[in-house]
$ cat data.tsv   # TSV, C-alpha atoms
chain	number	residue	atom	x	y	z
A	1	MET	CA	2.62	-4.92	13.04
A	2	THR	CA	2.98	-3.36	9.59
A	3	ALA	CA	5.83	-0.85	9.31
A	4	PRO	CA	4.65	2.73	8.61
A	5	THR	CA	5.21	4.12	5.14
A	6	LEU	CA	7.34	7.25	4.78
A	7	GLY	CA	7.05	9.99	2.16
A	8	LEU	CA	9.26	12.96	1.27
A	9	ALA	CA	7.94	16.08	-0.45
A	10	LEU	CA	10.26	18.45	-2.35
A	11	ILE	CA	9.69	21.69	-4.23
A	12	ALA	CA	12.37	22.81	-6.66
A	13	LYS	CA	13.42	25.27	-9.31
A	14	ASP	CA	16.80	25.01	-11.04
A	15	GLU	CA	18.34	22.74	-8.41
A	16	GLU	CA	20.38	20.37	-10.59
A	17	GLU	CA	23.57	21.20	-8.66
A	18	THR	CA	22.20	20.79	-5.12
A	19	LEU	CA	19.63	18.03	-5.61
A	20	PRO	CA	22.08	15.10	-6.01
A	21	ASN	CA	23.45	15.54	-2.46
A	22	LEU	CA	19.96	15.44	-0.97
A	23	LEU	CA	18.87	12.44	-3.01
A	24	ALA	CA	22.04	10.53	-2.15
A	25	SER	CA	21.34	11.09	1.54
A	26	VAL	CA	17.81	9.64	1.37
A	27	SER	CA	18.35	6.61	-0.88
A	28	GLY	CA	16.47	3.64	0.51
A	29	ALA	CA	14.85	5.66	3.31
A	30	PHE	CA	11.44	6.53	1.82
A	31	ASP	CA	8.61	4.62	0.22
A	32	GLN	CA	7.59	7.61	-1.88
A	33	VAL	CA	9.43	10.79	-2.92
A	34	VAL	CA	7.67	13.54	-4.88
A	35	LEU	CA	9.11	16.56	-6.65
A	36	ALA	CA	6.95	19.61	-7.34
A	37	ASP	CA	8.85	21.53	-9.99
A	38	THR	CA	8.05	25.24	-10.07
A	39	GLY	CA	9.53	26.07	-13.46
A	40	SER	CA	13.07	24.71	-13.78
A	41	THR	CA	15.00	25.50	-16.94
A	42	ASP	CA	17.95	23.24	-16.07
A	43	ARG	CA	18.14	19.44	-15.54
A	44	THR	CA	16.42	19.41	-12.13
A	45	VAL	CA	13.59	17.10	-13.24
A	46	GLU	CA	15.94	14.84	-15.20
A	47	VAL	CA	18.29	14.52	-12.20
A	48	PHE	CA	15.34	13.52	-10.02
A	49	GLU	CA	13.96	11.03	-12.54
A	50	GLU	CA	17.36	9.41	-13.07
A	51	TRP	CA	17.77	8.96	-9.32
A	52	ALA	CA	14.20	7.65	-8.98
A	53	ALA	CA	14.80	5.07	-11.69
A	54	VAL	CA	17.79	3.66	-9.80
A	55	GLU	CA	15.80	3.77	-6.56
A	56	GLY	CA	12.99	1.85	-8.22
A	57	GLU	CA	15.39	-0.87	-9.36
A	58	ARG	CA	16.52	-1.36	-5.77
A	59	ASN	CA	12.98	-1.38	-4.41
A	60	PRO	CA	10.11	-2.36	-6.75
A	61	ASP	CA	7.58	-0.86	-4.32
A	62	PHE	CA	9.20	2.58	-4.42
A	63	ILE	CA	7.01	5.33	-5.88
A	64	SER	CA	8.25	8.61	-7.38
A	65	THR	CA	6.11	11.42	-8.72
A	66	VAL	CA	6.94	14.63	-10.58
A	67	GLY	CA	4.35	17.36	-10.45
A	68	ARG	CA	4.36	20.74	-12.19
A	69	PHE	CA	3.39	23.72	-10.10
A	70	GLU	CA	2.93	27.14	-11.66
A	71	TRP	CA	4.88	29.48	-9.42
A	72	CYS	CA	2.71	32.22	-7.86
A	73	ASP	CA	5.08	33.76	-5.28
A	74	ASP	CA	3.61	31.56	-2.55
A	75	PHE	CA	5.81	28.91	-0.92
A	76	ALA	CA	2.96	27.55	1.21
A	77	ALA	CA	0.85	26.90	-1.88
A	78	ALA	CA	3.75	25.06	-3.51
A	79	ARG	CA	4.39	22.92	-0.44
A	80	ASN	CA	0.70	22.10	-0.03
A	81	TYR	CA	0.67	20.96	-3.66
A	82	ALA	CA	3.76	18.79	-3.10
A	83	ASP	CA	2.19	17.27	0.01
A	84	SER	CA	-0.95	16.44	-1.96
A	85	LEU	CA	1.11	14.15	-4.20
A	86	LEU	CA	2.06	11.91	-1.27
A	87	ASP	CA	0.09	8.92	-0.05
A	88	THR	CA	2.05	7.68	2.99
A	89	ASP	CA	1.52	7.28	6.72
A	90	TRP	CA	4.25	9.80	7.56
A	91	LEU	CA	5.22	12.89	5.64
A	92	ALA	CA	8.61	14.62	5.60
A	93	TRP	CA	9.86	17.62	3.69
A	94	ALA	CA	13.26	18.99	2.74
A	95	ASP	CA	14.79	21.77	0.71
A	96	CYS	CA	16.96	20.75	-2.20
A	97	ASP	CA	20.12	22.04	-0.52
A	98	ASP	CA	19.48	19.82	2.53
A	99	THR	CA	20.93	16.48	3.42
A	100	ILE	CA	19.17	14.17	5.88
A	101	VAL	CA	21.77	12.57	8.10
A	102	GLY	CA	20.53	9.24	9.42
A	103	ALA	CA	17.63	9.04	6.95
A	104	ASP	CA	17.90	5.24	7.02
A	105	ARG	CA	16.90	5.34	10.72
A	106	LEU	CA	13.65	7.28	10.15
A	107	ARG	CA	11.53	4.18	9.57
A	108	GLY	CA	12.62	2.63	12.85
A	109	VAL	CA	12.01	5.88	14.69
A	110	ALA	CA	8.50	6.22	13.24
A	111	ALA	CA	7.67	2.58	13.99
A	112	ASP	CA	8.38	3.10	17.71
A	113	VAL	CA	6.24	6.23	18.10
A	114	PRO	CA	3.34	5.91	20.59
A	115	GLY	CA	-0.11	6.17	19.09
A	116	HIS	CA	-0.92	9.58	20.61
A	117	VAL	CA	2.16	11.21	19.03
A	118	ASN	CA	1.53	12.61	15.57
A	119	ALA	CA	4.70	14.61	14.94
A	120	LEU	CA	8.44	13.99	15.21
A	121	VAL	CA	10.77	16.91	15.82
A	122	PHE	CA	14.29	16.79	14.35
A	123	ASP	CA	17.21	19.17	14.75
A	124	TYR	CA	17.98	21.26	11.68
A	125	TYR	CA	21.43	22.75	11.19
A	126	ILE	CA	22.76	25.28	8.71
A	127	ALA	CA	26.33	25.20	7.43
A	128	LEU	CA	27.55	28.09	5.29
A	129	VAL	CA	29.83	25.98	3.13
A	130	GLU	CA	29.87	24.57	-0.37
A	131	PRO	CA	28.10	21.17	-0.55
A	132	THR	CA	30.00	18.20	-1.92
A	133	ALA	CA	29.05	14.59	-2.57
A	134	GLU	CA	32.08	13.42	-0.60
A	135	GLU	CA	31.14	15.44	2.49
A	136	PRO	CA	27.35	15.86	2.58
A	137	SER	CA	27.17	16.67	6.30
A	138	PRO	CA	30.27	18.34	7.73
A	139	ASP	CA	30.75	19.18	11.37
A	140	PRO	CA	30.54	21.54	12.95
A	141	ALA	CA	27.39	22.99	11.44
A	142	ILE	CA	26.21	26.34	12.71
A	143	GLY	CA	22.75	27.34	13.73
A	144	LYS	CA	19.84	25.23	14.83
A	145	ASP	CA	16.17	25.16	14.07
A	146	TYR	CA	13.56	22.43	13.81
A	147	VAL	CA	11.96	20.34	11.10
A	148	ARG	CA	9.26	17.74	11.58
A	149	LEU	CA	8.20	14.48	10.05
A	150	VAL	CA	4.42	14.69	10.36
A	151	ARG	CA	1.76	12.00	10.20
A	152	ARG	CA	-0.38	12.55	7.17
A	153	GLY	CA	-3.73	14.26	7.71
A	154	SER	CA	-6.40	15.86	5.58
A	155	GLY	CA	-6.33	19.42	4.30
A	156	PRO	CA	-3.55	21.94	3.67
A	157	ARG	CA	-0.67	21.98	6.14
A	158	TRP	CA	1.34	25.03	5.16
A	159	SER	CA	0.57	28.70	5.69
A	160	GLY	CA	2.42	31.85	4.66
A	161	ARG	CA	3.75	32.92	1.28
A	162	MET	CA	7.35	33.07	2.52
A	163	HIS	CA	9.15	31.52	5.51
A	164	GLU	CA	6.10	29.30	5.50
A	165	TRP	CA	5.08	27.44	8.61
A	166	LYS	CA	2.96	24.47	9.55
A	167	PRO	CA	0.15	24.43	12.13
A	168	TYR	CA	1.85	21.63	14.01
A	169	PRO	CA	0.17	19.73	16.83
A	170	ALA	CA	0.63	20.67	20.44
A	171	VAL	CA	4.07	20.05	21.94
A	172	ASP	CA	2.80	17.20	24.08
A	173	GLU	CA	1.71	15.43	20.86
A	174	ALA	CA	5.17	15.71	19.27
A	175	LEU	CA	8.29	13.75	20.06
A	176	ALA	CA	11.83	15.17	19.84
A	177	VAL	CA	14.37	12.87	18.20
A	178	GLU	CA	18.01	12.88	19.23
A	179	ALA	CA	20.28	14.49	16.64
A	180	SER	CA	22.56	11.45	16.89
A	181	LEU	CA	19.77	9.39	15.32
A	182	ALA	CA	18.81	11.73	12.49
A	183	ARG	CA	19.06	15.40	11.64
A	184	TRP	CA	18.59	17.78	8.73
A	185	VAL	CA	21.63	19.76	7.53
A	186	THR	CA	21.40	22.57	5.01
A	187	ARG	CA	24.49	23.40	2.99
A	188	ARG	CA	24.17	27.07	2.05
A	189	SER	CA	26.72	27.84	-0.65
A	190	PRO	CA	28.43	31.24	-0.22
A	191	VAL	CA	28.59	31.65	-4.01
A	192	ARG	CA	24.94	30.88	-4.70
A	193	ALA	CA	22.83	33.74	-6.00
A	194	SER	CA	20.99	35.72	-3.35
A	195	SER	CA	17.24	35.23	-3.01
A	196	CYS	CA	16.79	38.72	-1.57
A	197	GLU	CA	15.17	40.20	-4.67
A	198	ARG	CA	12.68	37.34	-4.92
A	199	ASN	CA	11.89	37.50	-1.21
A	200	MET	CA	11.25	41.24	-1.32
A	201	ARG	CA	8.97	40.84	-4.33
A	202	ILE	CA	6.93	38.19	-2.52
A	203	LEU	CA	6.69	40.19	0.68
A	204	ARG	CA	5.76	43.51	-0.97
A	205	ARG	CA	3.05	41.80	-2.99
A	206	TRP	CA	1.78	40.03	0.14
A	207	ILE	CA	1.59	43.32	2.02
A	208	ALA	CA	-0.27	44.94	-0.87
A	209	ASP	CA	-2.78	42.07	-0.91
A	210	GLU	CA	-3.12	41.87	2.90
A	211	PRO	CA	-2.19	45.27	4.37
A	212	THR	CA	-3.29	44.38	7.91
A	213	ASN	CA	-1.42	41.08	8.09
A	214	LEU	CA	1.40	41.42	10.62
A	215	ILE	CA	3.41	38.44	9.35
A	216	PRO	CA	4.65	39.89	6.03
A	217	ARG	CA	5.22	43.31	7.60
A	218	ARG	CA	7.36	41.78	10.31
A	219	THR	CA	9.22	39.60	7.82
A	220	VAL	CA	9.95	42.31	5.29
A	221	ALA	CA	11.45	44.49	8.01
A	222	ALA	CA	13.71	41.66	9.13
A	223	GLU	CA	14.74	40.85	5.55
A	224	GLU	CA	15.61	44.49	4.88
A	225	MET	CA	17.66	44.64	8.05
A	226	LEU	CA	19.72	41.58	7.20
A	227	THR	CA	20.14	41.93	3.46
A	228	GLY	CA	18.77	45.26	2.26
A	229	ASP	CA	18.55	48.97	2.94
A	230	ILE	CA	18.81	49.69	6.68
A	231	HIS	CA	16.88	52.95	6.35
A	232	ARG	CA	14.03	51.15	4.59
A	233	ALA	CA	14.23	48.48	7.29
A	234	LEU	CA	13.59	51.08	9.97
A	235	GLU	CA	10.59	52.42	8.05
A	236	ASP	CA	9.20	48.90	7.72
A	237	LEU	CA	9.83	48.25	11.40
A	238	GLU	CA	7.89	51.35	12.40
A	239	ASP	CA	5.02	50.38	10.08
A	240	TYR	CA	4.95	46.93	11.71
A	241	LEU	CA	4.98	48.32	15.25
A	242	GLU	CA	2.29	50.88	14.44
A	243	LEU	CA	0.02	48.17	13.06
A	244	LYS	CA	0.78	45.87	15.99
A	245	GLY	CA	0.37	48.67	18.54
A	246	PRO	CA	-3.20	47.96	19.70
A	247	SER	CA	-2.38	44.31	20.43
A	248	MET	CA	0.97	44.90	22.15
A	249	THR	CA	1.44	43.92	25.75
A	250	ALA	CA	2.92	46.49	28.10
A	251	HIS	CA	6.21	44.64	28.04
A	252	GLU	CA	6.32	44.50	24.25
A	253	ALA	CA	5.69	48.23	24.09
A	254	GLN	CA	8.52	48.86	26.53
A	255	MET	CA	10.95	46.80	24.49
A	256	ALA	CA	10.03	48.67	21.33
A	257	GLN	CA	10.35	52.01	23.12
A	258	TYR	CA	13.81	50.98	24.26
A	259	ALA	CA	15.10	49.74	20.90
A	260	VAL	CA	13.61	52.02	18.24
A	261	PRO	CA	15.15	55.33	19.42
A	262	ARG	CA	18.54	53.65	19.67
A	263	LEU	CA	18.13	52.23	16.18
A	264	LYS	CA	17.33	55.70	14.86
A	265	GLU	CA	20.35	57.13	16.62
A	266	VAL	CA	22.75	54.58	15.09
A	267	ILE	CA	21.15	54.46	11.65
A	268	GLY	CA	20.91	58.22	11.42
A	269	ASN	CA	24.69	58.53	11.55
A	270	THR	CA	25.48	55.43	9.49
A	271	PRO	CA	25.80	55.02	5.72
A	272	ALA	CA	23.96	52.22	3.97
A	273	ASP	CA	27.17	50.20	3.66
A	274	ILE	CA	27.97	49.91	7.34
A	275	PRO	CA	31.01	48.26	8.96
A	276	PRO	CA	30.55	44.80	10.56
A	277	ASP	CA	30.74	46.06	14.15
A	278	GLN	CA	27.97	48.60	13.59
A	279	ARG	CA	25.84	46.05	11.77
A	280	GLY	CA	26.04	43.81	14.81
A	281	VAL	CA	24.63	46.58	17.01
A	282	LEU	CA	21.85	47.31	14.55
A	283	GLU	CA	20.86	43.67	14.25
A	284	PHE	CA	20.77	43.24	18.01
A	285	LEU	CA	18.60	46.31	18.57
A	286	PHE	CA	16.40	45.24	15.69
A	287	VAL	CA	15.89	41.82	17.23
A	288	ILE	CA	14.79	43.47	20.48
A	289	ALA	CA	12.25	45.60	18.65
A	290	ILE	CA	10.82	43.00	16.29
A	291	ASP	CA	11.54	39.59	17.80
A	292	LEU	CA	9.69	40.44	20.97
A	293	PRO	CA	8.66	36.90	22.00
A	294	MET	CA	12.33	36.29	22.87
A	295	PHE	CA	11.99	38.84	25.65
A	296	GLN	CA	8.52	38.05	26.95
A	297	ALA	CA	7.90	38.59	30.66
A	298	SER	CA	4.80	37.98	32.72
A	299	GLN	CA	4.88	41.49	34.21
A	300	PRO	CA	5.88	44.92	32.83
A	301	GLN	CA	9.41	45.89	33.77
A	302	SER	CA	11.07	49.02	35.00
A	303	GLU	CA	13.37	50.97	32.66
A	304	ALA	CA	16.40	49.54	34.48
A	305	GLU	CA	15.08	45.99	33.99
A	306	VAL	CA	14.44	46.68	30.30
A	307	GLU	CA	18.05	47.86	29.93
A	308	ALA	CA	19.32	44.73	31.72
A	309	ASN	CA	17.09	42.48	29.64
A	310	ALA	CA	18.41	44.02	26.45
A	311	GLU	CA	21.95	43.04	27.42
A	312	ALA	CA	21.05	39.53	28.61
A	313	PRO	CA	21.95	36.57	26.38
A	314	PRO	CA	19.03	35.88	24.03
A	315	VAL	CA	17.34	32.52	23.82
A	316	GLU	CA	19.06	30.30	21.26
A	317	ARG	CA	16.95	30.63	18.15
A	318	ARG	CA	17.20	30.04	14.42
A	319	THR	CA	20.59	30.63	12.82
A	320	ARG	CA	21.86	33.99	14.04
A	321	GLN	CA	23.20	33.00	17.45
A	322	GLN	CA	26.74	34.00	16.68
A	323	ARG	CA	25.71	37.36	15.26
A	324	ARG	CA	23.70	38.13	18.35
A	325	ALA	CA	26.56	37.24	20.66
A	326	GLU	CA	28.78	39.67	18.78
A	327	ALA	CA	26.02	42.28	18.86
A	328	ARG	CA	25.61	41.97	22.63
A	329	ALA	CA	29.32	42.45	23.15
A	330	ARG	CA	29.38	45.49	20.91
A	331	ALA	CA	26.27	46.95	22.56
A	332	LYS	CA	27.99	46.72	25.94
A	333	GLU	CA	31.03	48.46	24.53
A	334	LEU	CA	28.87	51.32	23.30
A	335	ALA	CA	27.04	51.56	26.59
A	336	ALA	CA	30.35	51.82	28.44
A	337	ALA	CA	31.77	54.42	26.05
$ encode --input "data.tsv" --output "structure tokens"
Amino acid sequence: MTAPTLGLALIAKDEEETLPNLLASVSGAFDQVVLADTGSTDRTVEVFEEWAAVEGERNPDFISTVGRFEWCDDFAAARNYADSLLDTDWLAWADCDDTIVGADRLRGVAADVPGHVNALVFDYYIALVEPTAEEPSPDPAIGKDYVRLVRRGSGPRWSGRMHEWKPYPAVDEALAVEASLARWVTRRSPVRASSCERNMRILRRWIADEPTNLIPRRTVAAEEMLTGDIHRALEDLEDYLELKGPSMTAHEAQMAQYAVPRLKEVIGNTPADIPPDQRGVLEFLFVIAIDLPMFQASQPQSEAEVEANAEAPPVERRTRQQRRAEARARAKELAAA
């Protein structure tokens, strides 16, 4: 049986400092690696080409491709372009500040996948530390999400201008891979420039172009809450909930009715530069109001049950688990005061 071919798609802009760690982690693991450059003014492309030349010397069948993508404030469009440069049985993706731990095991994992499975699910960790070549994947990493190595198919895969997502196959057609075999780790440098301004520009333009789309309205509210103006975040949250209103379930409406007045109460007496303990409360209440799927129930709840649900530990999700734990504790303190 012929071993499956593996491809890796990257998009990049000015990543000469982070890219070497990623490339070092995937040496020898992929048959094809492509880089879609979105307008770098540093040595990003040169770093990639130098690595690819060495990779090609080790493996004459290795293919590397550099494509130029004109940035249009749309991450999905960039990723779809990068994917289009690949011609392999299986397709992976990574950000340039990632490392893939156990990348050399991916081929064996893919070779053992049953025919009905068309996606592999890998753990994805985030570590808020400075990346180094000597320590590309430190432990412990914090946070957990998912990334998938997907069998190649026709047509665009990505959707959404920011925090893009893939229309992955049903869960029963995907296979979870143990983190001990392979996992993605992102090294987020604490000194790296914030992407908040770029993100807000993308989201505001998206909302202007698609005013009834709930996704950018939800996302811009969350971005404002975490990194921007908390008063603007509340305005964006209310816009999102008003637009979503007709499609809300009874339970979703109850959760919003619980959280929004409490957000207004805290924000109304809080300056923009709030202390850490107050920010924890705000973030927790905000999650209740906007991240409603975490609190889904099959039946509407009483007010007492809504209160209890709000103080229950949230489902582990994305990278803010620690913040939410602190927020729950602080919310209980306020409730007891």
$ closest_atom_pairs --input "data.tsv" --of "stretch 25-127 of chain A" --to "stretch 172-188 of chain A" --cutoff "10 Å" --atoms "only C-alpha atoms" --output "CSV"
residue,atom,partner,partner_atom,distance
A:Ala94,CA,A:Trp184,CA,8.1
A:Asp95,CA,A:Thr186,CA,7.9
A:Cys96,CA,A:Thr186,CA,8.7
A:Asp97,CA,A:Thr186,CA,5.7
A:Asp98,CA,A:Thr186,CA,4.2
A:Thr99,CA,A:Val185,CA,5.3
A:Ile100,CA,A:Trp184,CA,4.6
A:Val101,CA,A:Arg183,CA,5.3
A:Gly102,CA,A:Ala182,CA,4.3
A:Ala103,CA,A:Ala182,CA,6.3
A:Asp104,CA,A:Ala182,CA,8.5
A:Arg105,CA,A:Leu181,CA,6.8
A:Leu106,CA,A:Ala182,CA,7.2
A:Val109,CA,A:Val177,CA,8.2
A:Val113,CA,A:Leu175,CA,8.0
A:Pro114,CA,A:Leu175,CA,9.3
A:Gly115,CA,A:Glu173,CA,9.6
A:His116,CA,A:Glu173,CA,6.4
A:Val117,CA,A:Glu173,CA,4.6
A:Asn118,CA,A:Glu173,CA,6.0
A:Ala119,CA,A:Ala174,CA,4.5
A:Leu120,CA,A:Leu175,CA,4.9
A:Val121,CA,A:Ala176,CA,4.5
A:Phe122,CA,A:Val177,CA,5.5
A:Asp123,CA,A:Arg183,CA,5.2
A:Tyr124,CA,A:Trp184,CA,4.6
A:Tyr125,CA,A:Val185,CA,4.7
A:Ile126,CA,A:Thr186,CA,4.8
A:Ala127,CA,A:Arg187,CA,5.1
$ residues_around --input "data.tsv" --residues "A:Thr41" --least-positions-apart "2" --cutoff "7 Å" --atoms "only C-alpha atoms" --output "VMD selection string"
chain A and resid 14 39 43
$ residues_near_point --input "data.tsv" --point "(7.3, 28.6, -6.5)" --cutoff "10 Å" --atoms "all atoms listed in the file" --output "ChimeraX atom specification"
/A:11-13,36-39,69-79,161
$ residues_around --input "data.tsv" --residues "A:Ala92" --least-positions-apart "6" --cutoff "7 Å" --atoms "all atoms listed in the file" --output "PyMOL selection string"
chain A and resi 7-9+148-150
$ closest_residue --input "data.tsv" --among "A:Asp42, A:Asp87, A:Glu57, A:Asp239" --to "A:Asn213" --atoms "only C-alpha atoms"
A:Asp239
